[in-house]
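See below for protein.txt, which holds compact mmCIF, C-alpha atoms.
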# COMPACT_ATOMS: atom_id res chain seq x y z
CA MET A 175 -28.39 -102.83 -5.24
CA GLU A 176 -31.70 -104.10 -3.84
CA MET A 177 -34.85 -102.15 -4.84
CA ILE A 178 -37.91 -102.05 -2.54
CA ASP A 179 -41.27 -100.40 -3.32
CA ASN A 180 -43.89 -99.64 -0.70
CA ILE A 181 -47.27 -97.86 -0.75
CA ILE A 182 -48.45 -95.81 2.25
CA ARG A 183 -51.79 -96.92 3.68
CA SER A 184 -54.19 -94.89 5.80
CA GLU A 185 -52.92 -96.24 9.15
CA THR A 186 -49.47 -94.70 8.66
CA VAL A 187 -50.54 -91.30 7.29
CA GLY A 188 -48.76 -88.48 9.12
CA GLU A 189 -45.87 -90.63 10.34
CA ARG A 190 -42.31 -89.43 9.72
CA ILE A 191 -40.80 -91.15 6.70
CA ASP A 192 -37.63 -92.25 8.55
CA LYS A 193 -39.64 -93.75 11.41
CA TYR A 194 -41.96 -95.58 9.02
CA ILE A 195 -39.08 -97.08 7.02
CA ALA A 196 -37.34 -98.18 10.22
CA SER A 197 -40.46 -100.20 11.08
CA LEU A 198 -40.12 -102.17 7.82
CA ASP A 199 -36.79 -103.82 8.72
CA ASN A 200 -35.31 -104.32 12.20
CA ASP A 201 -31.78 -104.28 10.78
CA TRP A 202 -32.08 -100.68 9.54
CA SER A 203 -31.35 -97.94 12.07
CA ARG A 204 -32.90 -94.47 11.95
CA THR A 205 -29.46 -92.92 11.43
CA GLN A 206 -28.76 -95.22 8.48
CA ILE A 207 -32.16 -94.45 6.95
CA GLN A 208 -31.65 -90.70 7.38
CA ASN A 209 -28.34 -90.98 5.53
CA TRP A 210 -30.08 -92.86 2.70
CA LEU A 211 -32.73 -90.13 2.50
CA LYS A 212 -30.11 -87.38 2.37
CA ASN A 213 -28.18 -89.20 -0.35
CA GLY A 214 -31.21 -89.95 -2.53
CA PHE A 215 -31.36 -93.71 -1.98
CA ILE A 216 -34.96 -93.29 -0.75
CA THR A 217 -37.55 -91.33 -2.75
CA VAL A 218 -41.25 -90.59 -2.37
CA ASN A 219 -43.21 -90.53 -5.64
CA GLY A 220 -39.88 -90.30 -7.43
CA LYS A 221 -38.69 -87.26 -5.47
CA GLN A 222 -36.10 -86.85 -2.74
CA VAL A 223 -37.56 -85.83 0.65
CA LYS A 224 -36.18 -84.90 4.07
CA PRO A 225 -36.19 -87.36 7.01
CA ASN A 226 -39.03 -85.41 8.68
CA TYR A 227 -41.36 -85.74 5.67
CA LYS A 228 -44.85 -86.80 6.83
CA CYS A 229 -46.32 -89.75 4.95
CA GLU A 230 -49.47 -89.23 2.88
CA GLU A 231 -51.90 -91.91 1.77
CA GLY A 232 -50.95 -93.41 -1.58
CA ASP A 233 -47.31 -92.25 -1.43
CA ARG A 234 -45.03 -94.63 -3.31
CA ILE A 235 -41.79 -95.10 -1.38
CA THR A 236 -38.84 -96.47 -3.32
CA ILE A 237 -35.87 -97.74 -1.33
CA ARG A 238 -32.63 -98.54 -3.10
CA VAL A 239 -30.60 -100.42 -0.48
CA PRO A 240 -26.91 -99.64 -1.19
CA ASP A 241 -24.60 -102.57 -1.70
CA PRO A 242 -22.23 -103.13 1.23
CA VAL A 243 -19.00 -101.17 0.85
CA GLU A 244 -15.91 -103.33 1.07
CA LEU A 245 -13.82 -102.25 4.02
CA ASP A 246 -10.32 -101.29 2.93
CA VAL A 247 -8.90 -101.33 6.45
CA GLU A 248 -7.02 -104.52 7.27
CA PRO A 249 -7.52 -106.41 10.56
CA GLU A 250 -4.40 -106.55 12.72
CA LEU A 251 -3.61 -108.80 15.67
CA MET A 252 -3.24 -106.62 18.77
CA ASP A 253 -3.18 -107.22 22.50
CA LEU A 254 -6.37 -105.26 23.24
CA ASP A 255 -7.24 -104.49 26.87
CA ILE A 256 -10.95 -105.39 26.73
CA TYR A 257 -12.95 -104.63 29.88
CA TYR A 258 -16.33 -105.94 28.69
CA GLU A 259 -17.89 -107.53 25.62
CA ASP A 260 -21.21 -109.04 24.57
CA GLN A 261 -23.20 -109.31 21.34
CA ASP A 262 -23.95 -105.57 21.26
CA VAL A 263 -21.16 -103.59 22.86
CA LEU A 264 -17.49 -103.73 23.72
CA VAL A 265 -15.52 -101.58 26.20
CA VAL A 266 -11.78 -101.27 25.63
CA ASN A 267 -8.95 -99.45 27.40
CA LYS A 268 -6.99 -97.59 24.70
CA PRO A 269 -3.29 -97.01 25.40
CA ARG A 270 -1.64 -93.64 25.00
CA GLY A 271 -0.17 -93.18 21.53
CA MET A 272 -2.75 -95.27 19.67
CA VAL A 273 -4.99 -93.56 17.09
CA VAL A 274 -8.65 -94.61 17.42
CA HIS A 275 -9.60 -94.88 13.76
CA PRO A 276 -7.83 -94.77 10.37
CA ALA A 277 -7.74 -91.78 8.07
CA PRO A 278 -7.24 -91.77 4.31
CA GLY A 279 -3.64 -92.78 3.67
CA HIS A 280 -3.15 -93.97 7.26
CA THR A 281 -4.96 -97.27 7.66
CA LYS A 282 -2.69 -99.33 9.93
CA GLY A 283 -1.94 -99.58 13.64
CA THR A 284 -5.19 -98.02 14.84
CA LEU A 285 -7.67 -99.30 17.41
CA VAL A 286 -10.08 -100.08 14.57
CA ASN A 287 -7.51 -102.40 12.96
CA GLY A 288 -7.30 -104.31 16.22
CA LEU A 289 -11.07 -104.40 16.68
CA LEU A 290 -11.56 -105.79 13.17
CA TYR A 291 -9.22 -108.66 13.97
CA HIS A 292 -10.90 -109.31 17.32
CA CYS A 293 -14.47 -109.29 16.00
CA ASN A 294 -16.05 -108.87 12.57
CA ASP A 295 -19.47 -107.66 13.69
CA LEU A 296 -18.96 -103.92 14.20
CA SER A 297 -21.58 -101.31 13.35
CA GLY A 298 -21.28 -99.54 9.99
CA ILE A 299 -23.02 -96.25 10.77
CA ASN A 300 -19.82 -94.17 10.89
CA GLY A 301 -18.52 -95.47 7.57
CA VAL A 302 -15.84 -97.85 6.41
CA LEU A 303 -12.95 -96.17 8.27
CA ARG A 304 -14.70 -95.93 11.65
CA PRO A 305 -16.72 -99.14 12.12
CA GLY A 306 -18.22 -99.40 15.59
CA ILE A 307 -16.76 -96.10 16.79
CA VAL A 308 -19.41 -94.19 18.75
CA HIS A 309 -17.02 -91.68 20.36
CA ARG A 310 -13.27 -91.21 20.40
CA ILE A 311 -10.44 -90.02 22.59
CA ASP A 312 -7.29 -88.32 21.37
CA LYS A 313 -4.22 -90.29 20.29
CA ASP A 314 -2.21 -89.22 23.33
CA THR A 315 -5.06 -89.69 25.83
CA SER A 316 -5.46 -93.15 27.34
CA GLY A 317 -8.58 -94.81 28.70
CA LEU A 318 -11.99 -96.34 28.18
CA LEU A 319 -14.01 -96.32 24.97
CA MET A 320 -17.32 -97.99 24.13
CA VAL A 321 -17.67 -99.68 20.74
CA ALA A 322 -20.94 -100.68 19.03
CA LYS A 323 -21.07 -104.14 17.45
CA ASN A 324 -24.23 -103.49 15.41
CA ASP A 325 -26.12 -100.48 14.03
CA LEU A 326 -28.98 -100.59 16.52
CA ALA A 327 -26.56 -100.57 19.45
CA HIS A 328 -24.67 -97.72 17.79
CA GLU A 329 -27.83 -95.64 17.45
CA GLN A 330 -28.83 -96.26 21.08
CA LEU A 331 -25.41 -95.29 22.41
CA ALA A 332 -25.18 -92.25 20.13
CA ASN A 333 -28.58 -91.09 21.42
CA GLN A 334 -27.33 -91.40 24.99
CA LEU A 335 -24.33 -89.25 24.09
CA ALA A 336 -26.56 -86.64 22.47
CA ASN A 337 -28.85 -86.63 25.51
CA LYS A 338 -25.89 -86.30 27.94
CA GLU A 339 -26.67 -89.66 29.55
CA ILE A 340 -23.15 -91.12 29.30
CA THR A 341 -20.84 -90.91 32.33
CA ARG A 342 -17.34 -89.89 31.25
CA LYS A 343 -14.81 -89.08 33.96
CA TYR A 344 -11.15 -88.36 33.29
CA GLU A 345 -8.17 -87.75 35.53
CA GLY A 346 -5.20 -85.61 34.61
CA ILE A 347 -2.39 -83.35 35.76
CA VAL A 348 -2.44 -79.65 34.87
CA HIS A 349 0.06 -76.84 35.19
CA GLY A 350 -0.35 -74.45 38.10
CA THR A 351 -2.37 -74.63 41.31
CA ILE A 352 -6.16 -74.52 40.93
CA GLU A 353 -7.54 -72.72 43.97
CA GLU A 354 -11.17 -73.85 43.68
CA ASN A 355 -12.05 -77.37 44.87
CA PHE A 356 -14.81 -77.69 42.28
CA GLY A 357 -15.77 -75.80 39.15
CA THR A 358 -17.55 -75.81 35.81
CA ILE A 359 -16.21 -74.42 32.55
CA ASP A 360 -19.02 -73.48 30.17
CA ALA A 361 -17.33 -72.02 27.10
CA PRO A 362 -18.10 -72.71 23.40
CA ILE A 363 -15.45 -74.51 21.35
CA GLY A 364 -14.78 -74.23 17.63
CA ARG A 365 -11.93 -74.18 15.14
CA ASP A 366 -9.15 -71.76 16.14
CA PRO A 367 -9.31 -68.89 13.60
CA LYS A 368 -5.55 -68.33 13.98
CA ASP A 369 -4.54 -71.98 13.60
CA ARG A 370 -6.87 -74.38 11.77
CA GLN A 371 -5.02 -77.35 13.28
CA LYS A 372 -6.26 -76.38 16.74
CA MET A 373 -9.54 -75.87 18.57
CA ALA A 374 -10.25 -72.87 20.78
CA VAL A 375 -12.91 -71.13 22.84
CA VAL A 376 -14.70 -68.95 20.26
CA ASP A 377 -17.93 -66.97 20.31
CA ASN A 378 -19.51 -68.91 17.44
CA GLY A 379 -18.40 -72.34 18.70
CA LYS A 380 -20.55 -75.23 19.89
CA GLN A 381 -21.59 -75.41 23.53
CA ALA A 382 -18.96 -77.20 25.63
CA ILE A 383 -19.26 -77.92 29.37
CA THR A 384 -16.56 -79.48 31.55
CA HIS A 385 -16.91 -80.05 35.31
CA PHE A 386 -13.76 -80.45 37.40
CA ARG A 387 -12.80 -81.50 40.93
CA VAL A 388 -9.36 -81.07 42.48
CA ILE A 389 -7.92 -84.34 43.78
CA GLU A 390 -4.52 -83.08 45.01
CA ARG A 391 -2.46 -79.90 44.78
CA TYR A 392 1.29 -79.72 44.37
CA GLN A 393 3.68 -76.80 44.21
CA SER A 394 3.36 -76.17 40.47
CA TYR A 395 0.76 -78.72 39.36
CA THR A 396 -2.73 -79.94 40.23
CA TYR A 397 -4.14 -83.45 39.96
CA VAL A 398 -7.74 -83.09 38.73
CA GLU A 399 -10.84 -85.15 37.92
CA PHE A 400 -12.85 -83.97 34.91
CA GLN A 401 -16.40 -84.91 33.97
CA LEU A 402 -17.65 -84.21 30.47
CA GLU A 403 -21.17 -82.96 29.92
CA THR A 404 -20.51 -82.44 26.20
CA GLY A 405 -17.89 -84.04 23.97
CA ARG A 406 -16.22 -81.51 21.69
CA THR A 407 -12.90 -82.15 19.99
CA HIS A 408 -10.03 -81.62 22.47
CA GLN A 409 -12.58 -80.29 24.99
CA ILE A 410 -10.70 -80.84 28.27
CA ARG A 411 -7.41 -79.73 26.74
CA VAL A 412 -8.91 -76.53 25.30
CA HIS A 413 -10.91 -75.66 28.42
CA MET A 414 -7.92 -76.08 30.73
CA LYS A 415 -5.76 -73.91 28.52
CA TYR A 416 -8.59 -71.36 28.49
CA ILE A 417 -8.56 -71.02 32.29
CA GLY A 418 -4.75 -70.89 32.42
CA HIS A 419 -4.07 -74.46 33.53
CA PRO A 420 -3.06 -76.47 30.44
CA LEU A 421 -2.52 -80.19 30.75
CA ALA A 422 1.00 -81.33 31.54
CA GLY A 423 2.69 -82.82 28.50
CA ASP A 424 0.13 -81.48 26.02
CA PRO A 425 2.12 -80.93 22.81
CA LYS A 426 -0.58 -78.80 21.17
CA TYR A 427 -2.02 -76.64 23.96
CA GLY A 428 0.57 -76.77 26.76
CA PRO A 429 3.98 -75.21 27.44
CA LYS A 430 7.17 -76.88 26.24
CA LYS A 431 8.65 -77.00 29.74
CA THR A 432 6.56 -79.67 31.38
CA LEU A 433 6.59 -83.06 33.12
CA PRO A 434 8.36 -86.07 31.54
CA ILE A 435 5.50 -87.76 29.68
CA ALA A 436 4.90 -88.49 25.99
CA GLY A 437 1.63 -86.64 25.40
CA GLN A 438 -0.92 -85.00 27.67
CA ALA A 439 -1.27 -86.46 31.17
CA LEU A 440 -4.95 -87.33 30.70
CA HIS A 441 -6.76 -90.63 31.23
CA ALA A 442 -10.40 -91.59 30.56
CA LYS A 443 -10.89 -93.47 33.83
CA ILE A 444 -14.64 -94.04 34.23
CA LEU A 445 -17.22 -94.82 31.54
CA GLY A 446 -20.89 -95.49 32.24
CA PHE A 447 -23.90 -96.04 29.97
CA HIS A 448 -27.20 -97.87 29.69
CA HIS A 449 -26.88 -101.15 27.82
CA PRO A 450 -28.38 -100.62 24.34
CA ARG A 451 -30.46 -103.81 24.51
CA THR A 452 -31.38 -104.32 28.20
CA GLY A 453 -31.36 -100.72 29.39
CA ASP A 454 -29.34 -101.70 32.48
CA TYR A 455 -26.82 -99.11 33.66
CA MET A 456 -23.21 -100.32 33.38
CA GLU A 457 -20.13 -98.51 34.66
CA PHE A 458 -16.47 -99.38 34.18
CA GLU A 459 -13.31 -98.01 35.77
CA CYS A 460 -9.69 -98.56 34.80
CA PRO A 461 -6.69 -97.38 36.86
CA LEU A 462 -4.24 -94.73 35.76
CA PRO A 463 -1.60 -95.97 33.32
CA ASP A 464 1.90 -96.28 34.71
CA ASP A 465 3.17 -93.06 33.10
CA VAL A 466 0.55 -90.86 34.79
CA SER A 467 0.67 -92.82 38.06
CA ASN A 468 4.45 -92.37 38.16
CA LEU A 469 4.06 -88.62 37.68
CA VAL A 470 1.64 -88.44 40.61
CA GLN A 471 4.10 -90.32 42.84
CA MET A 472 6.96 -88.09 41.66
CA LEU A 473 5.00 -84.93 42.48
CA LYS A 474 4.09 -86.28 45.93
CA LYS A 475 7.74 -87.01 46.70
CA ARG A 476 8.71 -83.49 45.59
CA GLU A 477 6.17 -82.10 48.05
CA GLU A 478 7.54 -84.27 50.86
CA ILE A 479 11.11 -83.05 50.39
CA GLY A 480 10.06 -79.47 49.66
CA LEU A 481 11.13 -79.16 46.03
Represent the supplied structure as structure tokens.
Amino acid sequence: MEMIDNIIRSETVGERIDKYIASLDNDWSRTQIQNWLKNGFITVNGKQVKPNYKCEEGDRITIRVPDPVELDVEPELMDLDIYYEDQDVLVVNKPRGMVVHPAPGHTKGTLVNGLLYHCNDLSGINGVLRPGIVHRIDKDTSGLLMVAKNDLAHEQLANQLANKEITRKYEGIVHGTIEENFGTIDAPIGRDPKDRQKMAVVDNGKQAITHFRVIERYQSYTYVEFQLETGRTHQIRVHMKYIGHPLAGDPKYGPKKTLPIAGQALHAKILGFHHPRTGDYMEFECPLPDDVSNLVQMLKKREEIGL
């Protein structure tokens, strides 16, 4: 473990401790430094302080840089559908049925395993089991994900998510006919008090906002575009169940009698963000996977013959 000592001079008095330490090394992100502060790896005059501590003249800052943690997730050769890649960021189209990142005891066959084989320069902010993962989509949802290849890119992209600057549009098929052409669901989401394996709209939940637009209506289903303003766990799935239109095929929140698809008929189709290094806006779009596209064609044919 590397040990670094630093004394605060007059020109940096009043500056936040996390901001000051970030200025000492371009390879340290603010998020990483805040984690070190919270875990006692950084002290001021021998005492642990919060990330918003204001520097005082003569403060002795001691930084114990943790040794790198050996990643215990093995790289695996996979046929990844990569839409874009450079030195900072990668955009990949995740297939339905693939888990994004490993969990303790389940460390194979995930998107992270494939990413580790493809490139070895992923960000480490989210820990050894989720390298490079800035956001995630559910196992049985397909579509576009952005991946950070270094900590500074990760922090920039995470800030855009927090500031609602990321474009995330999904398309899916829901049960029932939605009468409104457009709508917004603003309902807080938290852990379901009746079933801890599920999420639900609850009074003490976190703010969750989903915008929707009807693309096509069928006799018993509706083809819908969703745009996320926030990104809570299972957000679209929970919100659509909440308004009485659960996603077709959803094994957790939908009815058992549904369309023939393995998992919810939901696809992350459009992803847009500002490049973490250049600031240029980038937007990517991937078509519906065959299983959802086939359902749309099937529903159209049913309409044509009056079923």
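Of note, atom CA of A:Ser394 and atom CA of A:Gly437 are spaced 18.4 Å apart.
Among the candidates A:Ser467, A:Thr341, A:Asn209, A:Gln330, the one nearest to A:Asp262 when counting only C-alpha atoms is A:Gln330.
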Q: Within 12 Å of stretch 298-302 of chain A, counting only C-alpha atoms, which residues show up once you throw out same-chain ones fewer than 5 positions away? Write them as a PyMOL selection string, please.
A: chain A and resi 201-210+242-248+275-278+281+286-287+290+307-310+321-332
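Atom CA of A:Pro269 is found 24.1 Å from atom CA of A:Val388.
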(Q) At a cut-off of 7 Å, using only C-alpha atoms, what residues contact A:Val218? Leave out same-chain residues fewer than 2 positions from it and give the result as an NGL selection string. (A) :A and (220-223 or 233-236)
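Proximity to A:Asp464 was assessed for A:Val398, A:Leu440, A:Lys338, A:Asn213 counting only C-alpha atoms; the smallest distance is recorded for A:Leu440.
With distances restricted to all atoms listed in the file, A:Pro225 is the closest residue to A:Glu189 from A:Phe386, A:Lys212, A:Pro225, A:Ile237.
Our summary of the geometry notes that atom CA of A:Gln334 is positioned 22.6 Å from atom CA of A:Leu303.
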**Q.** Selection near A:Val273, 9 Å with all atoms listed in the file, sequence-local residues under 3 positions removed, as number ranges by chain
**A.** A: 268, 270, 276, 283-286, 311-314
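Counting all atoms listed in the file, the residue from A:Val375, A:Ala196, A:Ala442, A:Val266 that sits nearest to A:Tyr344 is A:Ala442.
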Build an axis-aligned box that encloses every atom of stretch 181-194 of chain A listed in the file, pad it by 3 Å on each side, and report its centre and edge lengths in Å to one decimal, as lines of an AutoDock Vina configuration file.
center_x = -45.9
center_y = -93.2
center_z = 5.3
size_x = 22.6
size_y = 15.4
size_z = 18.2
**Q.** Proximity to A:Ser184 - best of A:Gly379, A:Gly418, A:Gly232, A:Pro463, all atoms listed in the file
**A.** A:Gly232
